[in-house]
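What follows is the content of target.cif (mmCIF, C-alpha atoms).
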data_target
loop_
_atom_site.label_atom_id
_atom_site.label_comp_id
_atom_site.auth_asym_id
_atom_site.auth_seq_id
_atom_site.Cartn_x
_atom_site.Cartn_y
_atom_site.Cartn_z
CA MET A 29 8.95 -22.14 15.70
CA LYS A 30 6.22 -21.44 13.17
CA LYS A 31 6.81 -19.13 10.28
CA ILE A 32 9.83 -17.57 11.76
CA ILE A 33 12.63 -17.08 9.35
CA GLY A 34 15.59 -16.57 11.56
CA VAL A 35 19.31 -17.13 11.56
CA ALA A 36 21.21 -17.18 14.78
CA VAL A 37 24.62 -16.35 13.56
CA ALA A 38 25.84 -13.30 15.29
CA ILE A 39 26.01 -11.28 18.43
CA THR A 40 27.07 -8.08 16.82
CA VAL A 41 25.68 -6.48 13.71
CA ALA A 42 27.63 -3.75 12.07
CA VAL A 43 25.92 -1.54 9.60
CA ALA A 44 28.04 0.34 7.14
CA SER A 45 26.83 2.95 4.76
CA VAL A 46 27.44 2.46 1.06
CA ILE A 47 26.22 5.13 -1.34
CA ASP A 48 22.57 5.45 -0.34
CA GLY A 49 22.22 2.17 1.43
CA TYR A 50 23.95 -0.25 3.70
CA ILE A 51 26.01 -3.37 3.72
CA VAL A 52 25.53 -5.73 6.57
CA PHE A 53 28.15 -7.94 8.12
CA PHE A 54 27.43 -10.70 10.55
CA LYS A 55 30.40 -11.35 12.81
CA GLY A 56 32.86 -10.70 10.03
CA ASN A 57 30.99 -13.03 7.73
CA GLN A 58 29.81 -10.90 4.83
CA ARG A 59 26.32 -11.93 3.91
CA HIS A 60 25.07 -9.01 1.89
CA SER A 61 26.47 -6.62 -0.59
CA GLN A 62 25.17 -4.45 -3.35
CA THR A 63 26.18 -6.89 -6.06
CA ASN A 64 25.07 -10.22 -4.66
CA SER A 65 22.10 -9.45 -2.48
CA ASN A 66 19.83 -11.71 -4.54
CA SER A 67 21.79 -14.87 -3.94
CA ASN A 68 22.12 -13.99 -0.29
CA GLN A 69 18.38 -13.57 0.09
CA SER A 70 17.82 -17.18 -0.80
CA SER A 71 20.63 -18.42 1.42
CA VAL A 72 19.16 -16.59 4.38
CA SER A 73 15.71 -18.07 3.77
CA THR A 74 17.07 -21.58 3.41
CA GLU A 75 19.14 -21.46 6.53
CA SER A 76 16.47 -19.77 8.52
CA SER A 77 13.65 -22.15 7.76
CA SER A 78 15.68 -24.92 9.32
CA ASN A 79 16.34 -22.68 12.33
CA THR A 80 20.04 -22.87 12.90
CA SER A 81 19.99 -21.41 16.36
CA SER A 82 22.73 -22.96 18.40
CA ASN A 83 22.24 -20.95 21.53
CA GLN A 84 20.82 -22.34 24.69
CA THR A 85 17.10 -22.81 24.93
CA THR A 86 15.14 -21.01 27.58
CA SER A 87 11.85 -22.01 29.09
CA GLY A 88 9.97 -19.54 26.88
CA LYS A 89 8.58 -20.10 23.43
CA TYR A 90 11.49 -18.37 21.77
CA LYS A 91 15.10 -19.50 21.76
CA ASP A 92 17.80 -17.05 22.68
CA GLY A 93 19.88 -15.66 19.87
CA THR A 94 19.76 -13.23 16.99
CA PHE A 95 17.01 -13.82 14.48
CA THR A 96 16.88 -12.17 11.09
CA SER A 97 13.75 -12.15 8.95
CA LYS A 98 13.85 -13.00 5.30
CA THR A 99 14.51 -10.01 3.08
CA VAL A 100 11.39 -8.08 2.21
CA THR A 101 11.26 -6.04 -0.98
CA THR A 102 8.93 -3.12 -0.43
CA PRO A 103 8.17 -0.02 -2.46
CA HIS A 104 10.54 1.74 -0.06
CA GLY A 105 13.41 -0.65 -0.74
CA THR A 106 14.73 -4.02 0.40
CA MET A 107 14.84 -4.59 4.15
CA GLN A 108 15.17 -7.13 6.93
CA VAL A 109 14.30 -7.02 10.58
CA SER A 110 16.80 -8.47 13.02
CA VAL A 111 15.92 -9.14 16.64
CA VAL A 112 17.94 -10.24 19.65
CA ILE A 113 16.19 -12.69 22.00
CA SER A 114 17.46 -12.95 25.52
CA ASN A 115 15.73 -15.04 28.20
CA GLY A 116 12.86 -15.63 25.79
CA LYS A 117 12.24 -11.89 25.31
CA ILE A 118 13.18 -9.51 22.53
CA THR A 119 15.79 -7.11 23.85
CA ASN A 120 16.73 -5.37 20.63
CA ILE A 121 15.10 -4.74 17.24
CA LYS A 122 17.19 -3.59 14.28
CA ILE A 123 16.08 -2.74 10.78
CA LEU A 124 18.56 -3.53 8.02
CA LYS A 125 18.20 -1.72 4.72
CA TYR A 126 19.84 -2.55 1.41
CA PRO A 127 20.54 -0.38 -1.62
CA ASP A 128 17.77 -0.15 -4.19
CA GLU A 129 18.66 -1.87 -7.41
CA GLU A 130 16.46 0.55 -9.24
CA SER A 131 16.45 4.06 -7.87
CA LYS A 132 13.22 5.96 -7.47
CA SER A 133 14.35 8.67 -9.87
CA GLU A 134 14.88 6.07 -12.60
CA ARG A 135 11.36 4.79 -12.09
CA ILE A 136 9.98 8.31 -12.23
CA ASN A 137 11.76 9.05 -15.50
CA SER A 138 10.93 5.81 -17.23
CA GLN A 139 7.17 5.84 -16.72
CA SER A 140 4.51 8.50 -16.74
CA LEU A 141 1.67 8.94 -14.29
CA PRO A 142 -1.76 10.13 -15.44
CA THR A 143 -2.53 13.84 -15.59
CA TYR A 144 -5.26 15.36 -13.45
CA GLN A 145 -8.34 16.63 -15.24
CA SER A 146 -10.06 19.24 -13.14
CA GLU A 147 -13.76 19.12 -13.87
CA ALA A 148 -16.60 19.87 -11.48
CA ILE A 149 -19.11 17.23 -12.48
CA LYS A 150 -21.65 14.89 -11.01
CA ALA A 151 -20.25 11.39 -10.84
CA GLN A 152 -22.96 9.64 -12.82
CA SER A 153 -22.71 12.12 -15.66
CA ALA A 154 -19.16 11.15 -16.54
CA ASN A 155 -17.54 8.04 -17.90
CA ILE A 156 -16.21 7.01 -14.48
CA GLN A 157 -15.39 3.51 -13.23
CA GLN A 158 -13.78 4.23 -9.88
CA ILE A 159 -14.39 6.73 -7.09
CA SER A 160 -11.80 7.91 -4.59
CA GLY A 161 -12.53 9.91 -1.50
CA ALA A 162 -16.18 8.96 -1.34
CA THR A 163 -16.74 5.84 0.69
CA GLU A 164 -14.49 4.98 3.59
CA THR A 165 -16.86 2.73 5.45
CA TYR A 166 -19.02 -0.16 4.39
CA THR A 167 -21.88 1.20 6.48
CA GLY A 168 -22.23 4.16 4.18
CA PHE A 169 -21.56 2.23 1.00
CA THR A 170 -25.12 1.64 -0.18
CA ASN A 171 -26.19 4.56 -2.33
CA SER A 172 -22.61 5.84 -2.44
CA LEU A 173 -21.09 6.91 -5.72
CA GLN A 174 -19.08 3.72 -6.09
CA ASP A 175 -22.16 1.62 -5.36
CA ALA A 176 -24.09 3.47 -8.05
CA LEU A 177 -21.27 2.96 -10.55
CA ASN A 178 -20.99 -0.73 -9.72
CA LYS A 179 -24.67 -1.16 -10.45
CA ALA A 180 -24.50 0.88 -13.65
CA VAL A 181 -21.78 -1.09 -15.45
CA MET B 25 -7.43 -0.08 -35.40
CA THR B 26 -10.49 1.73 -34.17
CA LYS B 27 -10.21 3.11 -30.71
CA ARG B 28 -12.41 1.41 -28.16
CA THR B 29 -14.19 3.49 -25.60
CA ASN B 30 -14.79 2.16 -22.13
CA GLU B 31 -18.42 1.46 -23.08
CA GLN B 32 -17.14 -1.33 -25.32
CA PHE B 33 -15.75 -3.31 -22.40
CA HIS B 34 -17.80 -5.49 -20.08
CA PHE B 35 -17.19 -5.03 -16.39
CA LEU B 36 -17.35 -7.83 -13.82
CA THR B 37 -17.81 -6.28 -10.39
CA HIS B 38 -18.05 -7.70 -6.89
CA VAL B 39 -18.09 -5.94 -3.52
CA VAL B 40 -16.71 -7.45 -0.31
CA GLY B 41 -17.32 -5.71 3.01
CA LYS B 42 -14.46 -6.34 5.42
CA MET B 43 -13.17 -4.27 8.34
CA ASN B 44 -16.12 -1.99 7.63
CA ILE B 45 -14.50 -1.07 4.30
CA PRO B 46 -16.13 -1.78 0.94
CA PHE B 47 -13.66 -3.55 -1.36
CA THR B 48 -14.76 -3.37 -4.99
CA ILE B 49 -13.16 -6.00 -7.23
CA SER B 50 -13.37 -5.07 -10.93
CA VAL B 51 -12.31 -6.95 -14.04
CA ALA B 52 -12.86 -5.50 -17.51
CA VAL B 53 -13.26 -8.07 -20.28
CA PHE B 54 -13.50 -7.87 -24.07
CA GLU B 55 -16.24 -10.50 -24.12
CA GLU B 56 -18.31 -12.15 -21.40
CA ARG B 57 -17.73 -15.89 -21.19
CA PRO B 58 -18.96 -18.35 -18.51
CA ALA B 59 -15.38 -19.52 -17.85
CA LEU B 60 -14.30 -15.96 -17.16
CA GLN B 61 -17.23 -15.41 -14.84
CA GLU B 62 -16.31 -18.57 -12.93
CA CYS B 63 -12.65 -17.56 -12.68
CA PHE B 64 -13.73 -14.12 -11.45
CA GLN B 65 -15.88 -15.64 -8.71
CA GLN B 66 -13.01 -17.89 -7.60
CA GLN B 67 -10.67 -14.91 -7.33
CA CYS B 68 -13.33 -13.00 -5.37
CA GLN B 69 -13.52 -15.85 -2.85
CA LYS B 70 -9.74 -15.91 -2.47
CA ILE B 71 -9.63 -12.16 -2.00
CA THR B 72 -12.32 -12.41 0.69
CA ALA B 73 -10.21 -15.02 2.53
CA ASP B 74 -7.08 -12.84 2.12
CA LEU B 75 -8.88 -9.88 3.69
CA ASP B 76 -10.00 -12.03 6.64
CA GLN B 77 -6.37 -13.03 7.15
CA VAL B 78 -5.25 -9.38 7.08
CA ASN B 79 -7.88 -8.55 9.66
CA ALA B 80 -6.82 -11.45 11.91
CA VAL B 81 -3.20 -10.25 11.95
CA PHE B 82 -3.55 -6.47 11.87
CA SER B 83 -6.84 -5.47 13.47
CA PRO B 84 -6.22 -3.10 16.40
CA PHE B 85 -9.71 -4.02 17.62
CA LYS B 86 -9.10 -7.75 18.02
CA PRO B 87 -7.22 -8.42 21.27
CA ASP B 88 -5.64 -11.59 19.83
CA SER B 89 -4.35 -9.96 16.62
CA LEU B 90 -0.57 -9.73 16.31
CA VAL B 91 -0.82 -5.93 16.25
CA SER B 92 -2.72 -5.92 19.55
CA ARG B 93 -0.33 -8.39 21.14
CA TYR B 94 2.68 -6.41 19.94
CA ALA B 95 1.15 -3.18 21.26
CA ALA B 96 0.56 -4.94 24.60
CA GLY B 97 4.28 -5.56 24.89
CA GLU B 98 4.58 -9.00 23.33
CA ARG B 99 7.40 -8.00 20.96
CA GLU B 100 8.11 -11.65 20.14
CA VAL B 101 5.15 -11.80 17.73
CA LEU B 102 7.53 -10.12 15.28
CA LEU B 103 8.90 -13.62 14.74
CA ASP B 104 5.54 -15.21 14.01
CA SER B 105 4.40 -13.73 10.72
CA THR B 106 6.21 -12.61 7.58
CA ASP B 107 3.29 -10.29 6.81
CA PHE B 108 3.71 -8.68 10.22
CA GLN B 109 7.44 -8.25 9.56
CA GLU B 110 6.77 -6.75 6.14
CA VAL B 111 4.30 -4.17 7.48
CA PHE B 112 6.57 -3.43 10.45
CA LEU B 113 9.44 -2.67 8.07
CA MET B 114 7.31 -0.60 5.74
CA ALA B 115 5.74 1.41 8.54
CA ASP B 116 9.24 2.24 9.77
CA GLN B 117 10.35 3.31 6.31
CA ALA B 118 7.17 5.30 5.74
CA ASN B 119 7.84 7.14 9.00
CA HIS B 120 11.40 7.89 7.89
CA VAL B 121 10.56 8.94 4.31
CA THR B 122 7.67 11.20 5.34
CA GLU B 123 9.87 12.89 7.97
CA GLY B 124 7.65 11.61 10.75
CA PHE B 125 4.30 12.71 9.37
CA PHE B 126 3.30 9.11 8.89
CA ASP B 127 3.73 7.80 12.43
CA PRO B 128 2.70 4.26 13.41
CA PHE B 129 3.40 5.12 17.06
CA PHE B 130 1.39 8.34 17.29
CA LYS B 131 -1.01 6.84 19.80
CA GLY B 132 1.94 5.86 21.96
CA GLN B 133 1.69 2.25 20.88
CA TYR B 134 2.25 0.47 17.60
CA ASP B 135 -0.72 0.86 15.27
CA PRO B 136 0.18 0.49 11.59
CA THR B 137 -3.48 0.73 10.47
CA GLY B 138 -2.67 3.75 8.29
CA ILE B 139 -0.43 1.65 6.07
CA VAL B 140 -2.11 -1.76 6.25
CA LYS B 141 -4.99 -1.03 3.91
CA GLY B 142 -2.85 0.25 1.02
CA TRP B 143 -0.30 -2.51 1.55
CA ALA B 144 -2.98 -5.23 1.67
CA ILE B 145 -4.77 -3.99 -1.44
CA GLU B 146 -1.52 -3.79 -3.41
CA LYS B 147 -0.39 -7.23 -2.29
CA ILE B 148 -3.74 -8.93 -2.91
CA PHE B 149 -4.06 -7.15 -6.24
CA ASN B 150 -0.66 -8.41 -7.40
CA GLN B 151 -1.39 -11.94 -6.23
CA ARG B 152 -5.04 -12.39 -7.25
CA LEU B 153 -5.91 -9.89 -9.99
CA ARG B 154 -2.79 -8.90 -11.95
CA PRO B 155 -2.22 -12.52 -13.15
CA LEU B 156 -5.65 -12.43 -14.87
CA LEU B 157 -4.16 -10.06 -17.45
CA THR B 158 -2.48 -13.04 -19.13
CA ASP B 159 -5.96 -14.09 -20.32
CA PRO B 160 -6.40 -12.50 -23.76
CA LEU B 161 -10.05 -11.73 -22.97
CA VAL B 162 -9.15 -9.63 -19.92
CA ALA B 163 -8.60 -5.92 -20.62
CA GLY B 164 -7.96 -4.66 -17.12
CA VAL B 165 -8.18 -5.29 -13.40
CA ALA B 166 -8.70 -3.03 -10.39
CA LEU B 167 -9.10 -3.35 -6.64
CA ASN B 168 -10.69 -0.43 -4.80
CA GLY B 169 -10.77 -0.50 -1.00
CA GLY B 170 -12.75 2.46 0.29
CA GLY B 171 -11.33 4.76 -2.36
CA ASP B 172 -7.77 3.45 -2.39
CA ILE B 173 -7.21 1.88 -5.80
CA GLN B 174 -4.59 -0.28 -7.49
CA ALA B 175 -5.23 -0.76 -11.20
CA ALA B 176 -3.67 -2.32 -14.28
CA VAL B 177 -4.59 -2.81 -17.93
CA ALA B 178 -3.53 -5.35 -20.55
CA ASN B 179 -1.00 -4.17 -23.12
CA ASP B 180 -2.75 -2.15 -25.85
CA SER B 181 -6.19 -2.76 -24.39
CA GLU B 182 -7.02 0.98 -24.62
CA LEU B 183 -8.91 0.67 -21.36
CA THR B 184 -8.52 3.40 -18.79
CA TRP B 185 -9.90 3.13 -15.28
CA MET B 186 -11.35 6.62 -15.13
CA THR B 187 -11.21 7.55 -11.47
CA GLY B 188 -13.31 10.36 -10.09
CA ILE B 189 -12.08 12.35 -7.09
CA GLU B 190 -14.91 13.26 -4.76
CA ASN B 191 -15.50 16.84 -3.75
CA PRO B 192 -15.24 16.90 0.07
CA ARG B 193 -17.59 19.88 0.19
CA HIS B 194 -20.28 18.54 -2.11
CA PRO B 195 -21.02 14.85 -1.60
CA GLY B 196 -22.11 13.22 -4.83
CA TYR B 197 -19.98 15.57 -6.91
CA LEU B 198 -16.48 15.21 -8.26
CA ILE B 199 -13.76 17.83 -8.40
CA GLY B 200 -11.97 16.05 -11.24
CA LYS B 201 -10.65 12.75 -12.48
CA TYR B 202 -7.56 10.70 -13.32
CA PRO B 203 -7.37 8.26 -16.21
CA LEU B 204 -5.58 5.35 -14.51
CA THR B 205 -3.94 2.61 -16.51
CA ASN B 206 -1.10 0.97 -14.58
CA ALA B 207 -1.09 3.01 -11.40
CA ALA B 208 -2.46 3.41 -7.90
CA LEU B 209 -4.43 6.22 -6.31
CA ALA B 210 -5.21 6.95 -2.66
CA THR B 211 -7.25 9.69 -1.04
CA SER B 212 -7.10 10.72 2.58
CA GLY B 213 -9.41 13.22 4.20
CA VAL B 214 -9.91 14.92 7.50
CA ASN B 215 -13.15 13.09 8.22
CA LYS B 216 -12.03 9.78 6.83
CA ARG B 217 -9.10 8.58 8.83
CA GLY B 218 -8.74 11.14 11.55
CA GLU B 219 -8.35 8.45 14.16
CA HIS B 220 -5.19 7.13 12.51
CA ILE B 221 -3.56 10.47 11.94
CA LYS B 222 -2.01 13.11 14.13
CA ARG B 223 -2.46 16.50 12.56
CA VAL B 224 -1.05 19.97 12.62
CA ALA B 225 -3.75 22.63 12.38
CA SER B 226 -4.40 23.40 8.72
CA PRO B 227 -7.31 24.09 6.35
CA LEU B 228 -6.21 21.03 4.36
CA MET B 229 -9.33 18.93 3.75
CA GLN B 230 -8.35 16.15 1.36
CA VAL B 231 -5.22 14.75 -0.31
CA THR B 232 -5.13 12.43 -3.33
CA ILE B 233 -1.83 10.87 -4.39
CA VAL B 234 -1.11 8.92 -7.57
CA ASP B 235 1.85 6.53 -7.67
CA TYR B 236 2.72 3.13 -9.11
CA SER B 237 2.48 1.60 -5.65
CA LEU B 238 -0.64 1.96 -3.52
CA THR B 239 1.46 1.52 -0.38
CA ILE B 240 3.40 4.66 -1.36
CA ALA B 241 0.31 6.60 -2.47
CA ASP B 242 -1.56 5.75 0.73
CA THR B 243 1.42 6.64 2.91
CA TRP B 244 1.78 10.08 1.33
CA ALA B 245 -1.96 10.80 1.36
CA THR B 246 -1.99 10.02 5.09
CA ALA B 247 1.19 11.99 5.74
CA GLY B 248 -0.15 14.93 3.72
CA ILE B 249 -3.23 15.29 5.90
CA ALA B 250 -1.01 15.13 8.98
CA ALA B 251 1.45 17.71 7.63
CA GLY B 252 -1.02 20.39 6.54
CA THR B 253 -0.93 22.32 3.28
CA LYS B 254 2.15 24.51 3.84
CA ARG B 255 4.48 21.78 4.99
CA PHE B 256 3.09 19.21 2.57
CA LEU B 257 3.74 21.46 -0.44
CA GLU B 258 7.43 21.35 0.51
CA LEU B 259 7.34 17.56 0.72
CA ILE B 260 5.51 17.38 -2.64
CA LYS B 261 8.39 19.25 -4.29
CA LYS B 262 11.10 17.32 -2.48
CA HIS B 263 9.66 13.88 -3.21
CA GLN B 264 8.27 14.68 -6.68
CA LEU B 265 4.74 13.66 -5.75
CA THR B 266 1.76 13.58 -8.10
CA GLY B 267 -1.83 14.25 -7.03
CA VAL B 268 -4.34 16.87 -6.01
CA LEU B 269 -5.22 18.45 -2.68
CA ILE B 270 -8.18 20.47 -1.45
CA ASP B 271 -7.50 23.29 0.95
CA ALA B 272 -10.52 25.03 2.49
CA LYS B 273 -8.90 28.46 2.01
CA ILE B 274 -6.82 28.09 -1.17
CA GLY B 275 -9.02 25.63 -3.05
CA GLU B 276 -7.79 22.90 -5.37
CA ILE B 277 -4.06 22.45 -5.97
CA SER B 278 -2.85 19.79 -8.38
CA PHE B 279 0.76 18.70 -8.70
CA GLU B 280 2.67 16.48 -11.10
CA LYS B 281 6.06 15.01 -10.19
CA GLY B 282 6.49 17.75 -7.62
CA GLN B 283 5.47 20.65 -9.90
CA VAL B 284 2.42 22.55 -8.75
CA HIS B 285 0.29 23.10 -11.83
CA HIS B 286 -2.57 25.22 -10.73
CA ALA B 287 -4.66 26.26 -7.84
CA GLN B 288 -8.29 27.22 -8.12
CA THR B 289 -11.09 27.88 -5.73
CA ILE B 290 -13.81 25.30 -5.45
#

Represent the structure of the file as structure tokens.
Amino acid sequence: MKKIIGVAVAITVAVASVIDGYIVFFKGNQRHSQTNSNSNQSSVSTESSSNTSSNQTTSGKYKDGTFTSKTVTTPHGTMQVSVVISNGKITNIKILKYPDEESKSERINSQSLPTYQSEAIKAQSANIQQISGATETYTGFTNSLQDALNKAV
Amino acid sequence: MTKRTNEQFHFLTHVVGKMNIPFTISVAVFEERPALQECFQQQCQKITADLDQVNAVFSPFKPDSLVSRYAAGEREVLLDSTDFQEVFLMADQANHVTEGFFDPFFKGQYDPTGIVKGWAIEKIFNQRLRPLLTDPLVAGVALNGGGDIQAAVANDSELTWMTGIENPRHPGYLIGKYPLTNAALATSGVNKRGEHIKRVASPLMQVTIVDYSLTIADTWATAGIAAGTKRFLELIKKHQLTGVLIDAKIGEISFEKGQVHHAQTI
């Protein structure tokens, strides 16, 4: 199986809420917790790349069992997708979410975003490097504001 | 130390057209050197290949893309690509966080297009452009895909990526600007991405969101257009958003960490 990062370890997945996130247990075998999620991430990837599925193989491309993706750290938090394959078809998709190590409010307090400067001006008259809102499509790009700026610098 | 203005930097710029979106790759340098120019061209080639890969996996117009196959009922493609898994997870979270206003299933089938562009730009930026900042001659880097921008500057470079926000009523004119250093900015409009957004009726014309992550900024700009002015102002407060919106009736409303600063007619 190509890039699939899966571990066939469990039939049941219990999701328990801890503070603002979740702890995941696979068949009583605790794989993730708030304090050691980093080490578990690597163990999941290692196991999964060797594909430890022990369930019976069906005629389809995909083996039966429960497959869990590697953990993905996104701006929304750390997550995994877990799918159950039965007779070569996905019968269940679960999304597993883990507590953020750094809460959003901490990020907001520790850094500052730029302040808006309201100013009705023509683009070329200002010291502007980037344009937002102007050009969505490449078709209309020539002679757009961004195109003009690119040629000016 | 005398303060440099942006005129004192040299800008290397290259445009790639992919998925009918113009992607502008920008690197600001203290001095122009042939080695830098060569490095810049190499990164531009890699970014072009990255964008082709994104299109191959996520295009809703290619019948053999993973998104198309998933939408056609082939759920098993979830196992085939870590990028697909990542976007799948983020689209789900974006739907949850925006209270349903960002909805990858609004057409009745999975179409994460609304989140793919911001996600792809942020990811490619972090992989191909941010590392260039370790070169002492590089002052800043930015990737702008059709008005969605992720930017960064070197420590103490004094560079700002001054970003103009277009006036939706007067093409060629700006309503204002943001001095970006290490941040992302996304704008969504009624005319721009209508096909990816379900909307409630509202005079809301355009939403710009500033965040550290372009994935987040793009998600909220898209959700804002879908929510309409009244409902979005509640979400702005609740989620401490920063940006500016244009409402056809009220005018321009800017907000910083959830606080509405002013509204003026345009």

Give me the residues near Ser181 (chain B) as a PDB file with C-alpha atoms, keeping the file's coordinate frame, where near means some atom within 10 Å (using only C-alpha atoms) and where sequence neighbours in that chain fewer than 2 positions away do not count.
ATOM      1  CA  LYS B  27     -10.210   3.110 -30.710  1.00  0.00           C
ATOM      2  CA  ARG B  28     -12.410   1.410 -28.160  1.00  0.00           C
ATOM      3  CA  PHE B  33     -15.750  -3.310 -22.400  1.00  0.00           C
ATOM      4  CA  ALA B  52     -12.860  -5.500 -17.510  1.00  0.00           C
ATOM      5  CA  VAL B  53     -13.260  -8.070 -20.280  1.00  0.00           C
ATOM      6  CA  PHE B  54     -13.500  -7.870 -24.070  1.00  0.00           C
ATOM      7  CA  PRO B 160      -6.400 -12.500 -23.760  1.00  0.00           C
ATOM      8  CA  LEU B 161     -10.050 -11.730 -22.970  1.00  0.00           C
ATOM      9  CA  VAL B 162      -9.150  -9.630 -19.920  1.00  0.00           C
ATOM     10  CA  ALA B 163      -8.600  -5.920 -20.620  1.00  0.00           C
ATOM     11  CA  GLY B 164      -7.960  -4.660 -17.120  1.00  0.00           C
ATOM     12  CA  VAL B 177      -4.590  -2.810 -17.930  1.00  0.00           C
ATOM     13  CA  ALA B 178      -3.530  -5.350 -20.550  1.00  0.00           C
ATOM     14  CA  ASN B 179      -1.000  -4.170 -23.120  1.00  0.00           C
ATOM     15  CA  LEU B 183      -8.910   0.670 -21.360  1.00  0.00           C
ATOM     16  CA  THR B 184      -8.520   3.400 -18.790  1.00  0.00           C
ATOM     17  CA  THR B 205      -3.940   2.610 -16.510  1.00  0.00           C
TER      18      THR B 205
END

Rows by chain and residue number, chain B within 7 Å of chain A, shortest pair, all atoms listed in the file, as JSON lines:
{"residue": "B:Phe35", "atom": "CA", "partner": "A:Val181", "partner_atom": "CA", "distance": 6.1}
{"residue": "B:Thr37", "atom": "CA", "partner": "A:Asn178", "partner_atom": "CA", "distance": 6.4}
{"residue": "B:Gly41", "atom": "CA", "partner": "A:Tyr166", "partner_atom": "CA", "distance": 6.0}
{"residue": "B:Asn44", "atom": "CA", "partner": "A:Tyr166", "partner_atom": "CA", "distance": 4.7}
{"residue": "B:Ile45", "atom": "CA", "partner": "A:Tyr166", "partner_atom": "CA", "distance": 4.6}
{"residue": "B:Pro46", "atom": "CA", "partner": "A:Tyr166", "partner_atom": "CA", "distance": 4.8}
{"residue": "B:Arg99", "atom": "CA", "partner": "A:Ile118", "partner_atom": "CA", "distance": 6.2}
{"residue": "B:Glu100", "atom": "CA", "partner": "A:Ile118", "partner_atom": "CA", "distance": 6.0}
{"residue": "B:Leu103", "atom": "CA", "partner": "A:Ile32", "partner_atom": "CA", "distance": 5.0}
{"residue": "B:Asp104", "atom": "CA", "partner": "A:Ile32", "partner_atom": "CA", "distance": 5.4}
{"residue": "B:Ser105", "atom": "CA", "partner": "A:Lys31", "partner_atom": "CA", "distance": 5.9}
{"residue": "B:Glu110", "atom": "CA", "partner": "A:Val100", "partner_atom": "CA", "distance": 6.2}
{"residue": "B:Leu113", "atom": "CA", "partner": "A:Met107", "partner_atom": "CA", "distance": 6.9}
{"residue": "B:Met114", "atom": "CA", "partner": "A:Thr102", "partner_atom": "CA", "distance": 6.9}
{"residue": "B:Gln117", "atom": "CA", "partner": "A:His104", "partner_atom": "CA", "distance": 6.6}
{"residue": "B:Gly170", "atom": "CA", "partner": "A:Glu164", "partner_atom": "CA", "distance": 4.5}
{"residue": "B:Gly171", "atom": "CA", "partner": "A:Ser160", "partner_atom": "CA", "distance": 3.9}
{"residue": "B:Asp172", "atom": "CA", "partner": "A:Ser160", "partner_atom": "CA", "distance": 6.4}
{"residue": "B:Trp185", "atom": "CA", "partner": "A:Gln157", "partner_atom": "CA", "distance": 5.9}
{"residue": "B:Met186", "atom": "CA", "partner": "A:Ile156", "partner_atom": "CA", "distance": 4.9}
{"residue": "B:Thr187", "atom": "CA", "partner": "A:Gln158", "partner_atom": "CA", "distance": 4.5}
{"residue": "B:Gly188", "atom": "CA", "partner": "A:Ile159", "partner_atom": "CA", "distance": 4.8}
{"residue": "B:Ile189", "atom": "CA", "partner": "A:Ser160", "partner_atom": "CA", "distance": 5.1}
{"residue": "B:Glu190", "atom": "CA", "partner": "A:Gly161", "partner_atom": "CA", "distance": 5.2}
{"residue": "B:Gly196", "atom": "CA", "partner": "A:Lys150", "partner_atom": "CA", "distance": 6.4}
{"residue": "B:Tyr197", "atom": "CA", "partner": "A:Lys150", "partner_atom": "CA", "distance": 4.5}
{"residue": "B:Leu198", "atom": "CA", "partner": "A:Ile149", "partner_atom": "CA", "distance": 5.4}
{"residue": "B:Ile199", "atom": "CA", "partner": "A:Ala148", "partner_atom": "CA", "distance": 4.7}
{"residue": "B:Gly200", "atom": "CA", "partner": "A:Ser146", "partner_atom": "CA", "distance": 4.2}
{"residue": "B:Lys201", "atom": "CA", "partner": "A:Gln145", "partner_atom": "CA", "distance": 5.3}
{"residue": "B:Tyr202", "atom": "CA", "partner": "A:Tyr144", "partner_atom": "CA", "distance": 5.2}
{"residue": "B:Pro203", "atom": "CA", "partner": "A:Pro142", "partner_atom": "CA", "distance": 6.0}
{"residue": "B:Leu204", "atom": "CA", "partner": "A:Pro142", "partner_atom": "CA", "distance": 6.2}
{"residue": "B:Ala210", "atom": "CA", "partner": "A:Ser160", "partner_atom": "CA", "distance": 6.9}
{"residue": "B:Thr211", "atom": "CA", "partner": "A:Gly161", "partner_atom": "CA", "distance": 5.3}
{"residue": "B:Ser212", "atom": "CA", "partner": "A:Gly161", "partner_atom": "CA", "distance": 6.8}
{"residue": "B:Lys216", "atom": "CA", "partner": "A:Glu164", "partner_atom": "CA", "distance": 6.3}
{"residue": "B:Ser237", "atom": "CA", "partner": "A:Pro103", "partner_atom": "CA", "distance": 6.7}
{"residue": "B:Ile240", "atom": "CA", "partner": "A:Pro103", "partner_atom": "CA", "distance": 6.8}

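Our summary of the geometry notes that CA of Gln264 (chain B) is positioned 20.1 Å from CA of Ile173 (chain B).
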
- Note on the structure: Here CA of Asp271 (chain B) and CA of Val231 (chain B) stand apart by 8.9 Å

- Within 9 Å of Thr246 (chain B), counting all atoms listed in the file, which residues qualify if same-chain residues fewer than 3 places away don't, as a list in words?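 The filter keeps Phe125, Phe126, Gly138, Ile139, Ala210, Thr211, Ser212, Gly213, Arg217, His220, Ile221, Val231, Ala241, Asp242, Thr243, Ile249, Ala250 and Ala251 of chain B.
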
- Task: Please indicate the distance in Å from CA of Arg193 (chain B) to CA of Thr232 (chain B), rounded to one decimal place.
- Result: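 CA of Arg193 (chain B) sits 14.9 Å away from CA of Thr232 (chain B).
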
- Query: Written as a list in words, which residues does the PyMOL selection byres ((chain B and resi 260) around 10) give for the file shown?
  - Reply: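 Checking the PyMOL selection byres ((chain B and resi 260) around 10) against this file, the residues are Ile233, Trp244, Gly248, Arg255, Phe256, Leu257, Glu258, Leu259, Lys261, Lys262, His263, Gln264, Leu265, Thr266, Gly267, Phe279, Glu280, Lys281, Gly282, Gln283 and Val284 of chain B.
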